[in-house]
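J.: Contents of work.cif (mmCIF, C-alpha atoms):
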```cif
data_run
loop_
_atom_site.label_atom_id
_atom_site.label_comp_id
_atom_site.auth_asym_id
_atom_site.auth_seq_id
_atom_site.Cartn_x
_atom_site.Cartn_y
_atom_site.Cartn_z
CA MET B 24 -69.13 -63.18 24.04
CA PRO B 25 -65.47 -62.32 24.83
CA LEU B 26 -64.40 -58.69 24.74
CA LEU B 27 -61.42 -59.63 22.55
CA ASP B 28 -61.42 -62.69 20.29
CA VAL B 29 -58.28 -63.43 18.28
CA LYS B 30 -58.87 -66.08 15.61
CA ASN B 31 -56.17 -67.89 13.61
CA ILE B 32 -53.92 -64.87 13.19
CA LYS B 33 -51.04 -65.33 10.76
CA LYS B 34 -48.49 -62.71 9.78
CA ILE B 35 -45.92 -63.21 7.03
CA TYR B 36 -43.45 -60.51 6.07
CA THR B 37 -41.76 -60.44 2.69
CA THR B 38 -38.27 -58.98 2.75
CA ARG B 39 -37.60 -56.06 0.44
CA PHE B 40 -34.64 -57.68 -1.27
CA GLY B 41 -34.80 -61.27 -2.44
CA GLY B 42 -38.46 -61.79 -1.68
CA ASN B 43 -37.77 -64.07 1.28
CA GLN B 44 -40.73 -64.69 3.55
CA VAL B 45 -40.53 -64.46 7.33
CA LYS B 46 -43.37 -65.95 9.37
CA ALA B 47 -43.84 -63.79 12.48
CA LEU B 48 -47.12 -65.37 13.58
CA SER B 49 -48.24 -68.77 12.36
CA ASN B 50 -51.58 -69.47 14.02
CA VAL B 51 -52.52 -67.46 17.10
CA SER B 52 -55.92 -67.86 18.71
CA PHE B 53 -57.08 -66.74 22.17
CA SER B 54 -59.82 -64.70 23.78
CA VAL B 55 -59.95 -62.15 26.59
CA GLU B 56 -63.04 -61.66 28.70
CA GLU B 57 -64.18 -58.24 29.85
CA GLY B 58 -62.40 -57.33 33.07
CA GLU B 59 -59.48 -59.73 32.57
CA TYR B 60 -55.83 -58.82 33.14
CA VAL B 61 -53.71 -60.83 30.69
CA ALA B 62 -49.93 -60.81 30.25
CA ILE B 63 -48.20 -62.03 27.08
CA MET B 64 -44.65 -63.34 27.35
CA GLY B 65 -42.11 -64.89 25.01
CA GLU B 66 -38.50 -64.68 23.96
CA SER B 67 -37.29 -61.97 21.57
CA GLY B 68 -38.44 -62.85 18.08
CA SER B 69 -41.34 -64.99 19.30
CA GLY B 70 -43.92 -62.72 17.65
CA LYS B 71 -45.41 -61.00 20.69
CA THR B 72 -44.61 -57.46 19.48
CA THR B 73 -46.10 -58.26 16.07
CA LEU B 74 -49.19 -59.56 17.83
CA LEU B 75 -49.48 -56.40 19.93
CA ASN B 76 -49.18 -54.22 16.81
CA ILE B 77 -52.01 -56.16 15.17
CA LEU B 78 -54.21 -55.87 18.28
CA ALA B 79 -53.50 -52.13 18.29
CA SER B 80 -54.51 -51.95 14.59
CA LEU B 81 -51.04 -50.59 13.80
CA ASP B 82 -50.46 -53.58 11.51
CA LYS B 83 -52.71 -55.99 9.66
CA PRO B 84 -52.41 -59.77 9.73
CA THR B 85 -51.87 -61.82 6.60
CA SER B 86 -54.97 -63.78 7.58
CA GLY B 87 -57.27 -64.23 10.54
CA GLU B 88 -59.63 -62.06 12.57
CA VAL B 89 -59.40 -59.81 15.62
CA LEU B 90 -62.81 -59.12 17.11
CA LEU B 91 -63.23 -56.38 19.72
CA ASN B 92 -66.76 -56.49 21.10
CA GLY B 93 -67.72 -58.43 17.99
CA LYS B 94 -66.24 -55.90 15.54
CA ASN B 95 -63.50 -57.17 13.25
CA ILE B 96 -60.81 -54.51 13.60
CA VAL B 97 -58.80 -56.06 10.75
CA SER B 98 -61.38 -54.82 8.25
CA ILE B 99 -61.66 -51.25 9.58
CA LYS B 100 -61.05 -48.70 6.82
CA GLU B 101 -57.77 -46.79 6.97
CA SER B 102 -59.71 -43.53 7.27
CA GLU B 103 -61.41 -44.79 10.45
CA ILE B 104 -58.51 -46.52 12.22
CA SER B 105 -57.25 -43.47 14.13
CA LYS B 106 -60.72 -42.74 15.49
CA PHE B 107 -61.17 -46.39 16.46
CA ARG B 108 -57.85 -46.49 18.33
CA ARG B 109 -58.60 -43.21 20.08
CA ASN B 110 -62.08 -44.26 21.23
CA SER B 111 -61.63 -47.96 21.94
CA LEU B 112 -58.03 -48.51 23.00
CA GLY B 113 -55.70 -47.07 25.62
CA PHE B 114 -51.93 -47.38 25.23
CA VAL B 115 -49.12 -47.52 27.78
CA PHE B 116 -45.61 -47.65 26.31
CA GLN B 117 -42.20 -48.48 27.77
CA ASP B 118 -40.77 -45.06 26.85
CA PHE B 119 -43.91 -43.17 28.00
CA ASN B 120 -44.40 -41.28 24.67
CA LEU B 121 -45.11 -38.00 26.41
CA LEU B 122 -44.60 -34.71 24.55
CA ASP B 123 -41.99 -32.52 26.29
CA THR B 124 -43.59 -29.34 24.94
CA PHE B 125 -46.88 -30.18 26.71
CA CYS B 126 -47.42 -30.17 30.46
CA VAL B 127 -48.60 -33.39 32.07
CA LYS B 128 -52.24 -32.31 32.03
CA ASP B 129 -52.16 -31.47 28.32
CA ASN B 130 -50.44 -34.78 27.54
CA ILE B 131 -53.27 -36.59 29.31
CA PHE B 132 -55.88 -34.47 27.52
CA LEU B 133 -54.44 -35.12 24.06
CA PRO B 134 -56.74 -38.02 23.02
CA LEU B 135 -59.76 -36.04 24.22
CA VAL B 136 -58.66 -32.93 22.33
CA LEU B 137 -58.35 -35.03 19.17
CA SER B 138 -61.89 -36.29 19.83
CA GLY B 139 -63.21 -32.72 20.06
CA LYS B 140 -64.14 -32.75 23.76
CA GLY B 141 -64.61 -29.49 25.67
CA TYR B 142 -62.18 -28.30 28.36
CA LYS B 143 -64.76 -28.45 31.18
CA GLU B 144 -65.69 -32.02 30.29
CA MET B 145 -62.02 -33.01 30.08
CA ASN B 146 -61.33 -31.65 33.56
CA GLN B 147 -64.28 -33.56 34.97
CA TRP B 148 -62.85 -36.77 33.54
CA LEU B 149 -59.30 -36.02 34.67
CA ASN B 150 -59.87 -35.24 38.35
CA PRO B 151 -60.84 -38.74 39.61
CA ILE B 152 -58.13 -40.40 37.50
CA ALA B 153 -55.41 -38.00 38.69
CA LYS B 154 -56.45 -38.58 42.29
CA LYS B 155 -56.43 -42.37 41.89
CA LEU B 156 -52.98 -42.33 40.26
CA GLY B 157 -51.54 -39.82 42.71
CA ILE B 158 -50.49 -37.24 40.11
CA GLU B 159 -52.59 -34.25 41.14
CA ASP B 160 -49.50 -32.27 42.18
CA ILE B 161 -47.61 -32.72 38.87
CA LEU B 162 -50.33 -31.87 36.36
CA GLU B 163 -48.82 -28.46 35.54
CA LYS B 164 -45.26 -29.78 35.30
CA TYR B 165 -43.52 -30.88 32.10
CA PRO B 166 -42.26 -34.43 31.45
CA TYR B 167 -38.62 -33.39 31.82
CA GLU B 168 -39.39 -32.13 35.34
CA ILE B 169 -40.75 -35.39 36.76
CA SER B 170 -39.46 -38.91 37.52
CA GLY B 171 -39.83 -42.01 35.37
CA GLY B 172 -42.49 -43.41 37.67
CA GLN B 173 -44.47 -40.17 37.49
CA LYS B 174 -44.15 -40.15 33.70
CA GLN B 175 -45.56 -43.66 33.51
CA ARG B 176 -48.45 -42.79 35.80
CA ALA B 177 -49.18 -39.82 33.53
CA ALA B 178 -49.10 -42.19 30.56
CA VAL B 179 -51.53 -44.51 32.34
CA ALA B 180 -53.84 -41.55 32.97
CA ARG B 181 -53.72 -40.70 29.27
CA ALA B 182 -54.61 -44.32 28.44
CA LEU B 183 -57.58 -44.30 30.84
CA ILE B 184 -58.99 -40.83 30.13
CA THR B 185 -61.11 -42.03 27.18
CA ASN B 186 -62.57 -44.93 29.21
CA PRO B 187 -61.28 -47.46 26.63
CA GLU B 188 -62.64 -50.94 26.12
CA LEU B 189 -59.11 -52.34 26.27
CA VAL B 190 -55.78 -51.05 27.60
CA LEU B 191 -52.72 -52.35 25.73
CA ALA B 192 -49.45 -52.07 27.65
CA ASP B 193 -46.09 -52.62 25.93
CA GLU B 194 -43.31 -53.35 28.46
CA PRO B 195 -44.80 -50.75 30.86
CA THR B 196 -42.20 -51.38 33.57
CA GLY B 197 -39.20 -51.60 31.22
CA ALA B 198 -37.86 -48.10 31.96
CA LEU B 199 -38.67 -48.03 35.68
CA ASP B 200 -36.65 -48.80 38.79
CA SER B 201 -37.85 -51.48 41.21
CA LYS B 202 -39.77 -49.08 43.49
CA ALA B 203 -41.59 -47.37 40.60
CA THR B 204 -42.26 -50.80 39.07
CA GLU B 205 -44.01 -52.06 42.19
CA HIS B 206 -46.05 -48.86 42.42
CA LEU B 207 -47.15 -49.13 38.79
CA LEU B 208 -48.04 -52.83 39.09
CA LYS B 209 -50.19 -52.09 42.13
CA LEU B 210 -51.93 -49.34 40.15
CA PHE B 211 -52.55 -51.76 37.28
CA SER B 212 -54.08 -54.26 39.70
CA ASP B 213 -56.28 -51.55 41.24
CA ILE B 214 -57.39 -50.36 37.81
CA ASN B 215 -58.18 -53.92 36.78
CA ASN B 216 -60.12 -54.48 40.02
CA ASP B 217 -62.23 -51.47 39.01
CA GLY B 218 -63.21 -53.38 35.86
CA GLN B 219 -60.67 -52.21 33.26
CA THR B 220 -59.53 -54.90 30.84
CA ILE B 221 -55.74 -54.94 30.41
CA LEU B 222 -53.50 -56.83 27.99
CA MET B 223 -49.79 -56.42 28.68
CA VAL B 224 -46.74 -57.57 26.72
CA THR B 225 -43.74 -57.95 29.02
CA HIS B 226 -40.37 -59.62 29.54
CA SER B 227 -40.70 -59.09 33.29
CA VAL B 228 -41.68 -62.12 35.35
CA ARG B 229 -42.49 -59.74 38.22
CA ALA B 230 -44.91 -57.75 36.05
CA ALA B 231 -46.56 -60.85 34.60
CA SER B 232 -47.05 -62.35 38.06
CA HIS B 233 -49.56 -59.58 38.83
CA ALA B 234 -51.81 -60.60 35.91
CA GLY B 235 -54.73 -62.98 36.17
CA ARG B 236 -53.54 -65.04 33.18
CA VAL B 237 -50.26 -65.37 31.32
CA LEU B 238 -50.00 -66.40 27.65
CA PHE B 239 -46.67 -67.66 26.34
CA ILE B 240 -45.81 -67.15 22.66
CA LYS B 241 -43.22 -69.37 20.98
CA ASP B 242 -42.41 -69.55 17.27
CA GLY B 243 -45.46 -67.48 16.41
CA GLU B 244 -47.97 -69.61 18.32
CA VAL B 245 -49.53 -69.74 21.78
CA PHE B 246 -47.30 -72.28 23.52
CA HIS B 247 -48.91 -72.40 26.95
CA GLN B 248 -51.00 -70.37 29.38
CA LEU B 249 -51.18 -70.06 33.14
CA TYR B 250 -54.13 -68.91 35.25
CA LYS B 251 -53.48 -67.24 38.59
CA GLY B 252 -56.62 -68.55 40.23
CA ASN B 253 -56.04 -68.65 43.99
CA HIS B 254 -52.25 -68.50 43.66
CA SER B 255 -50.32 -65.61 45.16
CA ASN B 256 -48.11 -63.35 43.05
CA GLU B 257 -45.08 -65.23 44.39
CA GLU B 258 -46.53 -68.62 43.45
CA LEU B 259 -47.42 -67.42 39.96
CA TYR B 260 -43.92 -65.92 39.67
CA GLN B 261 -42.42 -69.37 40.20
CA LYS B 262 -44.78 -71.01 37.69
CA ILE B 263 -43.91 -68.37 35.10
CA SER B 264 -40.19 -68.87 35.72
CA ASP B 265 -40.56 -72.63 35.28
CA THR B 266 -42.45 -72.18 32.01
CA LEU B 267 -39.85 -69.75 30.66
CA THR B 268 -37.16 -72.31 31.46
CA VAL B 269 -39.01 -74.86 29.34
CA LEU B 270 -39.30 -72.29 26.54
CA ALA B 271 -35.60 -71.46 26.69
CA THR B 272 -34.49 -75.10 26.70
CA GLY B 273 -36.68 -76.13 23.77
CA GLY B 274 -39.13 -78.21 25.75
CA GLU B 275 -42.23 -79.69 24.20
CA LYS B 276 -45.61 -78.00 24.33
CA PHE B 277 -47.45 -78.47 27.62
CA GLU B 278 -50.50 -80.65 27.80
#
```
Show me the file's structure as structure tokens.
T.:
Amino acid sequence: MPLLDVKNIKKIYTTRFGGNQVKALSNVSFSVEEGEYVAIMGESGSGKTTLLNILASLDKPTSGEVLLNGKNIVSIKESEISKFRRNSLGFVFQDFNLLDTFCVKDNIFLPLVLSGKGYKEMNQWLNPIAKKLGIEDILEKYPYEISGGQKQRAAVARALITNPELVLADEPTGALDSKATEHLLKLFSDINNDGQTILMVTHSVRAASHAGRVLFIKDGEVFHQLYKGNHSNEELYQKISDTLTVLATGGEKFE
């Protein structure tokens, strides 16, 4: 059974004035196996952000199912959604979403504090993650005192601290320079090699080329997918670029 199984997801928004309907997702189906590293790409307006919001249980589809370990997250009660997100999902955002009034350590601890964990237990969980991500020396600093790359590594630590079933990353390299981007992508690959399942939405061909599979969304549907297999990052980079060219020029769906 796949870790994540997305079945026939449709999302239609009705505008506030005039009652016009906008179809953001028309029929999206795909699955993600445990331990996979999947990137989702598509032009602006293709529906990938809507899809990510539904996978994160921040929005509900008009129809369809999203099964995480066999549990339909679409039907989770509103009163239980926050707990579900906290326990089952890790989030990495483009703009880091760190609280400036908290030091780095307390930012990382936040999901555990909300879960009622004790300080000793939290420290035991933090130490190996901080060492792996190379942030041991900034734990007592505040977000405004560290670089963008360090902020994103802190955000990754916060996403991993609860040992989530699935990490959702939304444009994680979007606010980073090229050096910090390469460092983060290597960390993502290392984390995935340790068994963490990652699903990343990105515009970056470089970021997507580090994934094991790339899904392309067009007009609210899965248009095509690429598997890395034995290809190098550079070879997958070229295949992604070629596919995006077809998307941009209105090419027909791949066979």
J.: Given only C-alpha atoms as the basis, pick out the residue of B:Glu258, B:Gly113, B:Tyr165, B:Lys241 nearest to Thr272 in chain B.
T.: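 The closest residue to Thr272 in chain B is B:Lys241.
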J.: For a test of reading the model, state the distance in Å between CA of Ala47 in chain B and CA of Lys34 in chain B, rounded to one decimal.
T.: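 Separation of CA of Ala47 in chain B and CA of Lys34 in chain B: 5.5 Å.
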J.: List the residues selected by the PyMOL selection byres ((chain B and resi 74) around 9) in the file shown, writing them as a list of chain:residue names.
T.: B:Ile32, B:Lys34, B:Ala47, B:Leu48, B:Val51, B:Gly70, B:Lys71, B:Thr72, B:Thr73, B:Leu75, B:Asn76, B:Ile77, B:Leu78, B:Ala79, B:Asp82, B:Pro84, B:Gly243
J.: If you keep C-alpha atoms, can you produce a file of those selected residues as a short mmCIF file (atom, residue, chain, number, x, y, z; two decimals), in the frame of the given file?
T.:
```
data_model
loop_
_atom_site.label_atom_id
_atom_site.label_comp_id
_atom_site.auth_asym_id
_atom_site.auth_seq_id
_atom_site.Cartn_x
_atom_site.Cartn_y
_atom_site.Cartn_z
CA ILE B 32 -53.92 -64.87 13.19
CA LYS B 34 -48.49 -62.71 9.78
CA ALA B 47 -43.84 -63.79 12.48
CA LEU B 48 -47.12 -65.37 13.58
CA VAL B 51 -52.52 -67.46 17.10
CA GLY B 70 -43.92 -62.72 17.65
CA LYS B 71 -45.41 -61.00 20.69
CA THR B 72 -44.61 -57.46 19.48
CA THR B 73 -46.10 -58.26 16.07
CA LEU B 75 -49.48 -56.40 19.93
CA ASN B 76 -49.18 -54.22 16.81
CA ILE B 77 -52.01 -56.16 15.17
CA LEU B 78 -54.21 -55.87 18.28
CA ALA B 79 -53.50 -52.13 18.29
CA ASP B 82 -50.46 -53.58 11.51
CA PRO B 84 -52.41 -59.77 9.73
CA GLY B 243 -45.46 -67.48 16.41
#
```
J.: So that I can check the surroundings of Ala153 in chain B, please list as a PyMOL selection string every protein, DNA and RNA residue that reaches within 8 Å of it, counting all atoms listed in the file and ignoring chain neighbours fewer than 5 positions away.
T.: chain B and resi 158-159+180
J.: Taking C-alpha atoms for each residue, export the selection above as a PDB file, keeping the file's coordinate frame.
T.:
```pdb
ATOM      1  CA  ILE B 158     -50.490 -37.240  40.110  1.00  0.00           C
ATOM      2  CA  GLU B 159     -52.590 -34.250  41.140  1.00  0.00           C
ATOM      3  CA  ALA B 180     -53.840 -41.550  32.970  1.00  0.00           C
TER       4      ALA B 180
END
```
J.: Using only C-alpha atoms, determine which residues lie at most 8 Å from range 218-227 of chain B, disregarding the query and same-chain residues fewer than 6 positions distant; provide the list as a short mmCIF file (atom, residue, chain, number, x, y, z; two decimals) with C-alpha atoms, keeping the file's coordinate frame.
T.:
```
data_model
loop_
_atom_site.label_atom_id
_atom_site.label_comp_id
_atom_site.auth_asym_id
_atom_site.auth_seq_id
_atom_site.Cartn_x
_atom_site.Cartn_y
_atom_site.Cartn_z
CA GLU B 56 -63.04 -61.66 28.70
CA GLU B 57 -64.18 -58.24 29.85
CA GLY B 58 -62.40 -57.33 33.07
CA GLU B 59 -59.48 -59.73 32.57
CA TYR B 60 -55.83 -58.82 33.14
CA VAL B 61 -53.71 -60.83 30.69
CA ALA B 62 -49.93 -60.81 30.25
CA ILE B 63 -48.20 -62.03 27.08
CA MET B 64 -44.65 -63.34 27.35
CA GLY B 65 -42.11 -64.89 25.01
CA GLU B 66 -38.50 -64.68 23.96
CA LYS B 71 -45.41 -61.00 20.69
CA THR B 72 -44.61 -57.46 19.48
CA LEU B 75 -49.48 -56.40 19.93
CA GLU B 188 -62.64 -50.94 26.12
CA LEU B 189 -59.11 -52.34 26.27
CA VAL B 190 -55.78 -51.05 27.60
CA LEU B 191 -52.72 -52.35 25.73
CA ALA B 192 -49.45 -52.07 27.65
CA ASP B 193 -46.09 -52.62 25.93
CA GLU B 194 -43.31 -53.35 28.46
CA PRO B 195 -44.80 -50.75 30.86
CA THR B 196 -42.20 -51.38 33.57
CA GLY B 197 -39.20 -51.60 31.22
#
```
J.: Can you give me, as an NGL selection string, the residues this file yields under the PyMOL selection byres ((chain B and resi 185) around 12)?
T.: :B and (106-114 or 131-140 or 144-145 or 147-149 or 152 or 179-184 or 186-190 or 219)
J.: Taking 6 positions as the minimum chain separation for residues in the same chain, which residues sit within 12 Å of Tyr167 in chain B when counting all atoms listed in the file? Answer as a PyMOL selection string.
T.: chain B and resi 119+121-127+161+173-174
J.: So which one's closest to Lys83 in chain B, B:Gln117, B:Asn150, B:Ser264, B:Asn95? Using all atoms listed in the file, please.
T.: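 Counting all atoms listed in the file, the residue closest to Lys83 in chain B is B:Asn95.
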J.: Between B:Pro166, B:Gly68, B:Gly87, B:Gly93, which has the minimum distance to Pro25 in chain B (counting all atoms listed in the file)?
T.: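 Closest to Pro25 in chain B of all the choices is B:Gly93.
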J.: Hey, can you check how far CA of Phe40 in chain B sits from CA of Glu101 in chain B?
T.: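 If I compute the distance from CA of Phe40 in chain B to CA of Glu101 in chain B, I get 26.9 Å.
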J.: Work out how far CA of Ser232 in chain B is from CA of Lys262 in chain B, in Å to one decimal.
T.: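 Value for the CA of Lys262 in chain B-CA of Ser232 in chain B distance: 9.0 Å.
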J.: Pick the closest to Val115 in chain B from B:Ile35, B:Val45, B:Leu207, B:Ala178: which is it, counting all atoms listed in the file?
T.: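 Ranking B:Ile35, B:Val45, B:Leu207, B:Ala178 by distance to Val115 in chain B, first place goes to B:Ala178.
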J.: From the list B:Ser86, B:Ser67, B:Gln175, B:Gln44, which residue is nearest Asn31 in chain B when using only C-alpha atoms?
T.: B:Ser86
J.: Where's the centre, and what are the edge lengths in Å to one decimal, of a box along x, y and z enclosing all listed atoms of range 244-251 of chain B padded 5 Å per side, as JSON?
T.:
```
{"center_x": -50.7, "center_y": -69.8, "center_z": 28.5, "size_x": 16.8, "size_y": 15.2, "size_z": 30.3}
```
J.: Measuring between only C-alpha atoms, which one of B:Glu88, B:Ser69, B:Phe116, B:Leu259 shows the shortest distance to Ala271 in chain B?
T.: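 The closest residue to Ala271 in chain B is B:Ser69.
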J.: Around (-50.9, -66.1, 33.4) in the file's own coordinates, what residues are found within 6 Å if you use all atoms listed in the file, given back as a PyMOL selection string?
T.: chain B and resi 235-238+248-251
J.: Please enumerate the residues selected by the PyMOL selection byres ((chain B and resi 209) around 12) when evaluated against the supplied file, formatted as a PyMOL selection string.
T.: chain B and resi 155-156+176+196+202-208+210-216+229-230+232-234+256
J.: Please supply range 164-187 of chain B, rebuilt with N, CA, C and O atoms, as a PDB file, in the coordinates of the input.
T.:
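Result went into rebuild-v2.pdb, see below:
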```
ATOM      1  N   LYS B 164     -46.668 -29.619  35.611  1.00  0.00           N
ATOM      2  CA  LYS B 164     -45.260 -29.780  35.300  1.00  0.00           C
ATOM      3  C   LYS B 164     -45.078 -30.385  33.909  1.00  0.00           C
ATOM      4  O   LYS B 164     -46.018 -30.921  33.323  1.00  0.00           O
ATOM      5  N   TYR B 165     -43.848 -30.314  33.412  1.00  0.00           N
ATOM      6  CA  TYR B 165     -43.520 -30.880  32.100  1.00  0.00           C
ATOM      7  C   TYR B 165     -42.798 -32.209  32.291  1.00  0.00           C
ATOM      8  O   TYR B 165     -42.189 -32.461  33.346  1.00  0.00           O
ATOM      9  N   PRO B 166     -42.871 -33.091  31.296  1.00  0.00           N
ATOM     10  CA  PRO B 166     -42.260 -34.430  31.450  1.00  0.00           C
ATOM     11  C   PRO B 166     -40.815 -34.418  31.901  1.00  0.00           C
ATOM     12  O   PRO B 166     -40.400 -35.280  32.688  1.00  0.00           O
ATOM     13  N   TYR B 167     -40.027 -33.424  31.436  1.00  0.00           N
ATOM     14  CA  TYR B 167     -38.620 -33.390  31.820  1.00  0.00           C
ATOM     15  C   TYR B 167     -38.410 -32.949  33.271  1.00  0.00           C
ATOM     16  O   TYR B 167     -37.287 -32.975  33.787  1.00  0.00           O
ATOM     17  N   GLU B 168     -39.489 -32.579  33.946  1.00  0.00           N
ATOM     18  CA  GLU B 168     -39.390 -32.130  35.340  1.00  0.00           C
ATOM     19  C   GLU B 168     -39.805 -33.207  36.349  1.00  0.00           C
ATOM     20  O   GLU B 168     -39.738 -32.970  37.555  1.00  0.00           O
ATOM     21  N   ILE B 169     -40.216 -34.371  35.861  1.00  0.00           N
ATOM     22  CA  ILE B 169     -40.750 -35.390  36.760  1.00  0.00           C
ATOM     23  C   ILE B 169     -39.977 -36.706  36.592  1.00  0.00           C
ATOM     24  O   ILE B 169     -39.246 -36.893  35.624  1.00  0.00           O
ATOM     25  N   SER B 170     -40.172 -37.634  37.530  1.00  0.00           N
ATOM     26  CA  SER B 170     -39.460 -38.910  37.520  1.00  0.00           C
ATOM     27  C   SER B 170     -40.059 -39.878  36.516  1.00  0.00           C
ATOM     28  O   SER B 170     -41.168 -39.672  35.998  1.00  0.00           O
ATOM     29  N   GLY B 171     -39.323 -40.988  36.292  1.00  0.00           N
ATOM     30  CA  GLY B 171     -39.830 -42.010  35.370  1.00  0.00           C
ATOM     31  C   GLY B 171     -41.139 -42.614  35.845  1.00  0.00           C
ATOM     32  O   GLY B 171     -42.053 -42.840  35.047  1.00  0.00           O
ATOM     33  N   GLY B 172     -41.240 -42.862  37.146  1.00  0.00           N
ATOM     34  CA  GLY B 172     -42.490 -43.410  37.670  1.00  0.00           C
ATOM     35  C   GLY B 172     -43.652 -42.462  37.493  1.00  0.00           C
ATOM     36  O   GLY B 172     -44.770 -42.880  37.167  1.00  0.00           O
ATOM     37  N   GLN B 173     -43.415 -41.169  37.696  1.00  0.00           N
ATOM     38  CA  GLN B 173     -44.470 -40.170  37.490  1.00  0.00           C
ATOM     39  C   GLN B 173     -44.847 -40.069  36.018  1.00  0.00           C
ATOM     40  O   GLN B 173     -46.033 -39.912  35.691  1.00  0.00           O
ATOM     41  N   LYS B 174     -43.858 -40.159  35.139  1.00  0.00           N
ATOM     42  CA  LYS B 174     -44.150 -40.150  33.700  1.00  0.00           C
ATOM     43  C   LYS B 174     -45.060 -41.316  33.329  1.00  0.00           C
ATOM     44  O   LYS B 174     -46.018 -41.150  32.564  1.00  0.00           O
ATOM     45  N   GLN B 175     -44.751 -42.505  33.874  1.00  0.00           N
ATOM     46  CA  GLN B 175     -45.560 -43.660  33.510  1.00  0.00           C
ATOM     47  C   GLN B 175     -46.954 -43.570  34.078  1.00  0.00           C
ATOM     48  O   GLN B 175     -47.924 -43.979  33.423  1.00  0.00           O
ATOM     49  N   ARG B 176     -47.105 -42.979  35.260  1.00  0.00           N
ATOM     50  CA  ARG B 176     -48.450 -42.790  35.800  1.00  0.00           C
ATOM     51  C   ARG B 176     -49.237 -41.778  34.957  1.00  0.00           C
ATOM     52  O   ARG B 176     -50.448 -41.927  34.752  1.00  0.00           O
ATOM     53  N   ALA B 177     -48.538 -40.763  34.445  1.00  0.00           N
ATOM     54  CA  ALA B 177     -49.180 -39.820  33.530  1.00  0.00           C
ATOM     55  C   ALA B 177     -49.614 -40.526  32.255  1.00  0.00           C
ATOM     56  O   ALA B 177     -50.704 -40.273  31.714  1.00  0.00           O
ATOM     57  N   ALA B 178     -48.762 -41.432  31.759  1.00  0.00           N
ATOM     58  CA  ALA B 178     -49.100 -42.190  30.560  1.00  0.00           C
ATOM     59  C   ALA B 178     -50.299 -43.102  30.795  1.00  0.00           C
ATOM     60  O   ALA B 178     -51.148 -43.274  29.911  1.00  0.00           O
ATOM     61  N   VAL B 179     -50.378 -43.683  31.996  1.00  0.00           N
ATOM     62  CA  VAL B 179     -51.530 -44.510  32.340  1.00  0.00           C
ATOM     63  C   VAL B 179     -52.799 -43.652  32.383  1.00  0.00           C
ATOM     64  O   VAL B 179     -53.860 -44.058  31.893  1.00  0.00           O
ATOM     65  N   ALA B 180     -52.693 -42.458  32.945  1.00  0.00           N
ATOM     66  CA  ALA B 180     -53.840 -41.550  32.970  1.00  0.00           C
ATOM     67  C   ALA B 180     -54.314 -41.225  31.563  1.00  0.00           C
ATOM     68  O   ALA B 180     -55.518 -41.192  31.286  1.00  0.00           O
ATOM     69  N   ARG B 181     -53.369 -40.973  30.666  1.00  0.00           N
ATOM     70  CA  ARG B 181     -53.720 -40.700  29.270  1.00  0.00           C
ATOM     71  C   ARG B 181     -54.425 -41.891  28.645  1.00  0.00           C
ATOM     72  O   ARG B 181     -55.375 -41.736  27.858  1.00  0.00           O
ATOM     73  N   ALA B 182     -53.986 -43.105  28.987  1.00  0.00           N
ATOM     74  CA  ALA B 182     -54.610 -44.320  28.440  1.00  0.00           C
ATOM     75  C   ALA B 182     -56.030 -44.503  28.967  1.00  0.00           C
ATOM     76  O   ALA B 182     -56.895 -45.026  28.260  1.00  0.00           O
ATOM     77  N   LEU B 183     -56.285 -44.059  30.213  1.00  0.00           N
ATOM     78  CA  LEU B 183     -57.580 -44.300  30.840  1.00  0.00           C
ATOM     79  C   LEU B 183     -58.595 -43.187  30.584  1.00  0.00           C
ATOM     80  O   LEU B 183     -59.797 -43.393  30.779  1.00  0.00           O
ATOM     81  N   ILE B 184     -58.136 -42.012  30.174  1.00  0.00           N
ATOM     82  CA  ILE B 184     -58.990 -40.830  30.130  1.00  0.00           C
ATOM     83  C   ILE B 184     -60.169 -40.988  29.166  1.00  0.00           C
ATOM     84  O   ILE B 184     -61.212 -40.377  29.354  1.00  0.00           O
ATOM     85  N   THR B 185     -60.023 -41.833  28.151  1.00  0.00           N
ATOM     86  CA  THR B 185     -61.110 -42.030  27.180  1.00  0.00           C
ATOM     87  C   THR B 185     -62.042 -43.176  27.572  1.00  0.00           C
ATOM     88  O   THR B 185     -62.950 -43.517  26.819  1.00  0.00           O
ATOM     89  N   ASN B 186     -61.788 -43.773  28.765  1.00  0.00           N
ATOM     90  CA  ASN B 186     -62.570 -44.930  29.210  1.00  0.00           C
ATOM     91  C   ASN B 186     -62.573 -46.017  28.133  1.00  0.00           C
ATOM     92  O   ASN B 186     -63.624 -46.443  27.647  1.00  0.00           O
ATOM     93  N   PRO B 187     -61.384 -46.514  27.750  1.00  0.00           N
ATOM     94  CA  PRO B 187     -61.280 -47.460  26.630  1.00  0.00           C
ATOM     95  C   PRO B 187     -61.827 -48.832  26.965  1.00  0.00           C
ATOM     96  O   PRO B 187     -61.888 -49.232  28.141  1.00  0.00           O
TER      97      PRO B 187
END
```
